[in-house]
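Q: Pasting structure_19.cif below, which is mmCIF, C-alpha atoms.
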data_input
loop_
_atom_site.group_PDB
_atom_site.id
_atom_site.type_symbol
_atom_site.label_atom_id
_atom_site.label_comp_id
_atom_site.auth_asym_id
_atom_site.auth_seq_id
_atom_site.Cartn_x
_atom_site.Cartn_y
_atom_site.Cartn_z
ATOM 1 C CA GLN J 1 65.995 112.164 78.644
ATOM 2 C CA GLY J 2 69.607 111.052 78.542
ATOM 3 C CA ALA J 3 72.097 110.323 81.258
ATOM 4 C CA PRO J 4 73.373 113.295 83.261
ATOM 5 C CA GLN J 5 76.551 114.968 82.035
ATOM 6 C CA LEU J 6 77.427 116.456 85.435
ATOM 7 C CA ILE J 7 76.631 115.357 88.980
ATOM 8 C CA ILE J 8 77.248 117.785 91.851
ATOM 9 C CA MET J 9 77.291 116.383 95.395
ATOM 10 C CA ASP J 10 77.982 118.177 98.684
ATOM 11 C CA GLU J 11 79.242 115.829 101.427
ATOM 12 C CA PRO J 12 77.585 112.737 99.897
ATOM 13 C CA THR J 13 79.064 110.320 102.436
ATOM 14 C CA ASN J 14 77.900 112.144 105.562
ATOM 15 C CA HIS J 15 75.596 109.966 107.663
ATOM 16 C CA LEU J 16 76.213 106.860 105.513
ATOM 17 C CA ASP J 17 77.559 103.598 106.861
ATOM 18 C CA ILE J 18 80.577 101.996 105.166
ATOM 19 C CA HIS J 19 78.418 99.671 103.039
ATOM 20 C CA ALA J 20 76.375 102.589 101.692
ATOM 21 C CA VAL J 21 79.563 104.581 100.964
ATOM 22 C CA GLU J 22 81.014 101.621 99.065
ATOM 23 C CA ALA J 23 77.787 101.199 97.074
ATOM 24 C CA LEU J 24 77.728 104.909 96.193
ATOM 25 C CA GLU J 25 81.393 104.771 95.193
ATOM 26 C CA ALA J 26 80.750 101.753 92.929
ATOM 27 C CA LEU J 27 77.755 103.452 91.318
ATOM 28 C CA LEU J 28 79.602 106.712 90.670
ATOM 29 C CA SER J 29 82.741 104.979 89.386
ATOM 30 C CA ASP J 30 80.703 103.522 86.508
ATOM 31 C CA CYS J 31 79.083 106.864 85.652
ATOM 32 C CA PRO J 32 80.457 108.381 82.422
ATOM 33 C CA CYS J 33 79.580 111.923 83.483
ATOM 34 C CA ALA J 34 81.703 114.547 85.223
ATOM 35 C CA LEU J 35 81.583 114.674 89.021
ATOM 36 C CA LEU J 36 81.905 117.755 91.203
ATOM 37 C CA LEU J 37 82.243 116.476 94.759
ATOM 38 C CA VAL J 38 82.667 118.410 97.991
ATOM 39 C CA SER J 39 83.788 116.100 100.768
ATOM 40 C CA HIS J 40 86.078 115.586 103.743
ATOM 41 C CA ASP J 41 86.180 111.838 102.964
ATOM 42 C CA LYS J 42 89.658 111.564 101.465
ATOM 43 C CA ARG J 43 89.362 107.854 100.616
ATOM 44 C CA PHE J 44 86.095 108.430 98.743
ATOM 45 C CA MET J 45 87.549 111.404 96.871
ATOM 46 C CA LYS J 46 90.750 109.557 95.926
ATOM 47 C CA ALA J 47 88.725 106.656 94.522
ATOM 48 C CA LEU J 48 86.569 108.867 92.275
ATOM 49 C CA THR J 49 88.593 111.914 91.270
ATOM 50 C CA SER J 50 91.606 112.677 89.142
ATOM 51 C CA ILE J 51 91.887 116.368 90.082
ATOM 52 C CA THR J 52 91.402 117.665 93.611
ATOM 53 C CA TRP J 53 91.061 121.287 94.635
ATOM 54 C CA VAL J 54 92.075 121.739 98.282
ATOM 55 C CA PHE J 55 91.100 124.937 100.057
ATOM 56 C CA GLU J 56 93.100 125.650 103.217
ATOM 57 C CA GLU J 57 92.956 128.568 105.587
ATOM 58 C CA LYS J 58 96.363 129.914 106.600
ATOM 59 C CA ASP J 59 96.920 133.070 108.605
ATOM 60 C CA GLY J 60 93.362 134.232 107.914
ATOM 61 C CA ASP J 61 93.651 133.743 104.138
ATOM 62 C CA THR J 62 92.182 130.960 102.059
ATOM 63 C CA GLU J 63 94.659 129.243 99.764
ATOM 64 C CA LEU J 64 93.917 126.912 96.859
ATOM 65 C CA ARG J 65 96.101 123.907 96.109
ATOM 66 C CA ILE J 66 95.452 121.651 93.126
ATOM 67 C CA ASP J 67 96.491 118.032 93.583
#
Translate this structure into structure tokens?
A:
Amino acid sequence: QGAPQLIIMDEPTNHLDIHAVEALEALLSDCPCALLLVSHDKRFMKALTSITWVFEEKDGDTELRID
């Protein structure tokens, strides 16, 4: 069993205090695998991602913006 190649997390920082968020961020930043994160925590996302897909609803339509 090797290390994971992809980790998928949905709202991983919900219900965590700041110390737990920082520990999770440090752990994931050292992980050599790809991350697929869904989160509203912009600081957490900025620290761990290089590409961000932003889905926004405008006038009843969902638009995708890639940052």
Q: Have a look at CA of Ala23 (chain J) and CA of Asp67 (chain J) and let me know their distance in Å, one decimal.
A: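 Taking CA of Ala23 (chain J) as the start and CA of Asp67 (chain J) as the end point, the length is 25.4 Å.
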Q: With all atoms listed in the file as the atoms that count, which of J:Cys31, J:Ile51, J:Leu16, J:Leu24 lies nearest to Ala3 (chain J)?
A: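 That would be J:Cys31, the residue with the smallest distance to Ala3 (chain J).
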Q: Got a sec: who's within 10 Å of Phe44 (chain J), counting all atoms listed in the file, leaving out chain neighbours fewer than 2 positions off, as a PDB file with C-alpha atoms, keeping the file's coordinate frame?
A:
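Heads up, here's the output in out.pdb:
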ATOM      1  CA  PRO J  12      77.585 112.737  99.897  1.00  0.00           C
ATOM      2  CA  THR J  13      79.064 110.320 102.436  1.00  0.00           C
ATOM      3  CA  VAL J  21      79.563 104.581 100.964  1.00  0.00           C
ATOM      4  CA  GLU J  22      81.014 101.621  99.065  1.00  0.00           C
ATOM      5  CA  LEU J  24      77.728 104.909  96.193  1.00  0.00           C
ATOM      6  CA  GLU J  25      81.393 104.771  95.193  1.00  0.00           C
ATOM      7  CA  LEU J  37      82.243 116.476  94.759  1.00  0.00           C
ATOM      8  CA  SER J  39      83.788 116.100 100.768  1.00  0.00           C
ATOM      9  CA  HIS J  40      86.078 115.586 103.743  1.00  0.00           C
ATOM     10  CA  ASP J  41      86.180 111.838 102.964  1.00  0.00           C
ATOM     11  CA  LYS J  42      89.658 111.564 101.465  1.00  0.00           C
ATOM     12  CA  LYS J  46      90.750 109.557  95.926  1.00  0.00           C
ATOM     13  CA  ALA J  47      88.725 106.656  94.522  1.00  0.00           C
ATOM     14  CA  LEU J  48      86.569 108.867  92.275  1.00  0.00           C
ATOM     15  CA  THR J  49      88.593 111.914  91.270  1.00  0.00           C
TER      16      THR J  49
END
Q: With all atoms listed in the file as the basis for distance, which of J:Pro4, J:Ala20, J:Met9, J:Asp59 is at the shortest distance from Cys33 (chain J)?
A: J:Pro4
Q: What does the distance between CA of Phe55 (chain J) and CA of Ala34 (chain J) come to in Å, to one decimal place?
A: 20.4 Å
Q: One decimal, Å: what's the distance from CA of Glu63 (chain J) over to CA of Asn14 (chain J), could you say?
A: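 Separation of CA of Glu63 (chain J) and CA of Asn14 (chain J): 24.6 Å.
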Q: Could you tell me which residues the PyMOL selection byres ((chain J and resi 53) around 6) grabs in this file, written as a ChimeraX atom specification?
A: /J:52,54,65-66
Q: Can you put N, CA and C atoms back into region 6-39 of chain J and show it as a PDB file, keeping the file's coordinate frame?
A:
ATOM      1  N   LEU J   6      76.731 115.941  84.252  1.00  0.00           N
ATOM      2  CA  LEU J   6      77.427 116.456  85.435  1.00  0.00           C
ATOM      3  C   LEU J   6      76.599 116.126  86.667  1.00  0.00           C
ATOM      4  N   ILE J   7      77.262 115.590  87.679  1.00  0.00           N
ATOM      5  CA  ILE J   7      76.631 115.357  88.980  1.00  0.00           C
ATOM      6  C   ILE J   7      77.398 116.175  90.005  1.00  0.00           C
ATOM      7  N   ILE J   8      76.665 116.967  90.786  1.00  0.00           N
ATOM      8  CA  ILE J   8      77.248 117.785  91.851  1.00  0.00           C
ATOM      9  C   ILE J   8      76.739 117.242  93.183  1.00  0.00           C
ATOM     10  N   MET J   9      77.673 116.924  94.086  1.00  0.00           N
ATOM     11  CA  MET J   9      77.291 116.383  95.395  1.00  0.00           C
ATOM     12  C   MET J   9      78.080 117.102  96.495  1.00  0.00           C
ATOM     13  N   ASP J  10      77.369 117.517  97.529  1.00  0.00           N
ATOM     14  CA  ASP J  10      77.982 118.177  98.684  1.00  0.00           C
ATOM     15  C   ASP J  10      77.934 117.220  99.871  1.00  0.00           C
ATOM     16  N   GLU J  11      79.102 116.758 100.303  1.00  0.00           N
ATOM     17  CA  GLU J  11      79.242 115.829 101.427  1.00  0.00           C
ATOM     18  C   GLU J  11      78.332 114.598 101.263  1.00  0.00           C
ATOM     19  N   PRO J  12      78.492 113.870 100.156  1.00  0.00           N
ATOM     20  CA  PRO J  12      77.585 112.737  99.897  1.00  0.00           C
ATOM     21  C   PRO J  12      77.744 111.568 100.856  1.00  0.00           C
ATOM     22  N   THR J  13      78.865 111.467 101.550  1.00  0.00           N
ATOM     23  CA  THR J  13      79.064 110.320 102.436  1.00  0.00           C
ATOM     24  C   THR J  13      78.698 110.603 103.888  1.00  0.00           C
ATOM     25  N   ASN J  14      78.323 111.837 104.188  1.00  0.00           N
ATOM     26  CA  ASN J  14      77.900 112.144 105.562  1.00  0.00           C
ATOM     27  C   ASN J  14      76.702 111.278 105.924  1.00  0.00           C
ATOM     28  N   HIS J  15      76.709 110.733 107.100  1.00  0.00           N
ATOM     29  CA  HIS J  15      75.596 109.966 107.663  1.00  0.00           C
ATOM     30  C   HIS J  15      75.363 108.629 106.961  1.00  0.00           C
ATOM     31  N   LEU J  16      76.332 108.171 106.151  1.00  0.00           N
ATOM     32  CA  LEU J  16      76.213 106.860 105.513  1.00  0.00           C
ATOM     33  C   LEU J  16      77.122 105.866 106.226  1.00  0.00           C
ATOM     34  N   ASP J  17      76.673 104.616 106.321  1.00  0.00           N
ATOM     35  CA  ASP J  17      77.559 103.598 106.861  1.00  0.00           C
ATOM     36  C   ASP J  17      78.526 103.154 105.758  1.00  0.00           C
ATOM     37  N   ILE J  18      79.522 102.360 106.111  1.00  0.00           N
ATOM     38  CA  ILE J  18      80.577 101.996 105.166  1.00  0.00           C
ATOM     39  C   ILE J  18      80.022 101.249 103.951  1.00  0.00           C
ATOM     40  N   HIS J  19      78.999 100.419 104.153  1.00  0.00           N
ATOM     41  CA  HIS J  19      78.418  99.671 103.039  1.00  0.00           C
ATOM     42  C   HIS J  19      77.723 100.608 102.051  1.00  0.00           C
ATOM     43  N   ALA J  20      77.036 101.615 102.560  1.00  0.00           N
ATOM     44  CA  ALA J  20      76.375 102.589 101.692  1.00  0.00           C
ATOM     45  C   ALA J  20      77.404 103.438 100.946  1.00  0.00           C
ATOM     46  N   VAL J  21      78.493 103.806 101.614  1.00  0.00           N
ATOM     47  CA  VAL J  21      79.563 104.581 100.964  1.00  0.00           C
ATOM     48  C   VAL J  21      80.176 103.757  99.833  1.00  0.00           C
ATOM     49  N   GLU J  22      80.444 102.488 100.093  1.00  0.00           N
ATOM     50  CA  GLU J  22      81.014 101.621  99.065  1.00  0.00           C
ATOM     51  C   GLU J  22      80.066 101.440  97.889  1.00  0.00           C
ATOM     52  N   ALA J  23      78.774 101.323  98.151  1.00  0.00           N
ATOM     53  CA  ALA J  23      77.787 101.199  97.074  1.00  0.00           C
ATOM     54  C   ALA J  23      77.728 102.482  96.246  1.00  0.00           C
ATOM     55  N   LEU J  24      77.742 103.631  96.903  1.00  0.00           N
ATOM     56  CA  LEU J  24      77.728 104.909  96.193  1.00  0.00           C
ATOM     57  C   LEU J  24      78.982 105.067  95.350  1.00  0.00           C
ATOM     58  N   GLU J  25      80.123 104.703  95.908  1.00  0.00           N
ATOM     59  CA  GLU J  25      81.393 104.771  95.193  1.00  0.00           C
ATOM     60  C   GLU J  25      81.356 103.887  93.942  1.00  0.00           C
ATOM     61  N   ALA J  26      80.845 102.669  94.072  1.00  0.00           N
ATOM     62  CA  ALA J  26      80.750 101.753  92.929  1.00  0.00           C
ATOM     63  C   ALA J  26      79.824 102.310  91.855  1.00  0.00           C
ATOM     64  N   LEU J  27      78.707 102.870  92.263  1.00  0.00           N
ATOM     65  CA  LEU J  27      77.755 103.452  91.318  1.00  0.00           C
ATOM     66  C   LEU J  27      78.370 104.632  90.567  1.00  0.00           C
ATOM     67  N   LEU J  28      79.022 105.525  91.299  1.00  0.00           N
ATOM     68  CA  LEU J  28      79.602 106.712  90.670  1.00  0.00           C
ATOM     69  C   LEU J  28      80.827 106.379  89.812  1.00  0.00           C
ATOM     70  N   SER J  29      81.553 105.329  90.167  1.00  0.00           N
ATOM     71  CA  SER J  29      82.741 104.979  89.386  1.00  0.00           C
ATOM     72  C   SER J  29      82.377 104.487  87.990  1.00  0.00           C
ATOM     73  N   ASP J  30      81.175 103.981  87.816  1.00  0.00           N
ATOM     74  CA  ASP J  30      80.703 103.522  86.508  1.00  0.00           C
ATOM     75  C   ASP J  30      80.005 104.620  85.712  1.00  0.00           C
ATOM     76  N   CYS J  31      79.803 105.771  86.309  1.00  0.00           N
ATOM     77  CA  CYS J  31      79.083 106.864  85.652  1.00  0.00           C
ATOM     78  C   CYS J  31      80.013 107.581  84.667  1.00  0.00           C
ATOM     79  N   PRO J  32      79.592 107.735  83.409  1.00  0.00           N
ATOM     80  CA  PRO J  32      80.457 108.381  82.422  1.00  0.00           C
ATOM     81  C   PRO J  32      80.464 109.914  82.502  1.00  0.00           C
ATOM     82  N   CYS J  33      79.687 110.470  83.404  1.00  0.00           N
ATOM     83  CA  CYS J  33      79.580 111.923  83.483  1.00  0.00           C
ATOM     84  C   CYS J  33      80.685 112.518  84.355  1.00  0.00           C
ATOM     85  N   ALA J  34      80.768 113.834  84.350  1.00  0.00           N
ATOM     86  CA  ALA J  34      81.703 114.547  85.223  1.00  0.00           C
ATOM     87  C   ALA J  34      81.120 114.606  86.633  1.00  0.00           C
ATOM     88  N   LEU J  35      81.998 114.575  87.624  1.00  0.00           N
ATOM     89  CA  LEU J  35      81.583 114.674  89.021  1.00  0.00           C
ATOM     90  C   LEU J  35      82.208 115.908  89.649  1.00  0.00           C
ATOM     91  N   LEU J  36      81.412 116.661  90.376  1.00  0.00           N
ATOM     92  CA  LEU J  36      81.905 117.755  91.203  1.00  0.00           C
ATOM     93  C   LEU J  36      81.505 117.391  92.626  1.00  0.00           C
ATOM     94  N   LEU J  37      82.493 116.978  93.413  1.00  0.00           N
ATOM     95  CA  LEU J  37      82.243 116.476  94.759  1.00  0.00           C
ATOM     96  C   LEU J  37      82.878 117.398  95.791  1.00  0.00           C
ATOM     97  N   VAL J  38      82.140 117.684  96.839  1.00  0.00           N
ATOM     98  CA  VAL J  38      82.667 118.410  97.991  1.00  0.00           C
ATOM     99  C   VAL J  38      82.613 117.427  99.148  1.00  0.00           C
ATOM    100  N   SER J  39      83.775 117.111  99.729  1.00  0.00           N
ATOM    101  CA  SER J  39      83.788 116.100 100.768  1.00  0.00           C
ATOM    102  C   SER J  39      85.048 116.204 101.626  1.00  0.00           C
TER     103      SER J  39
END
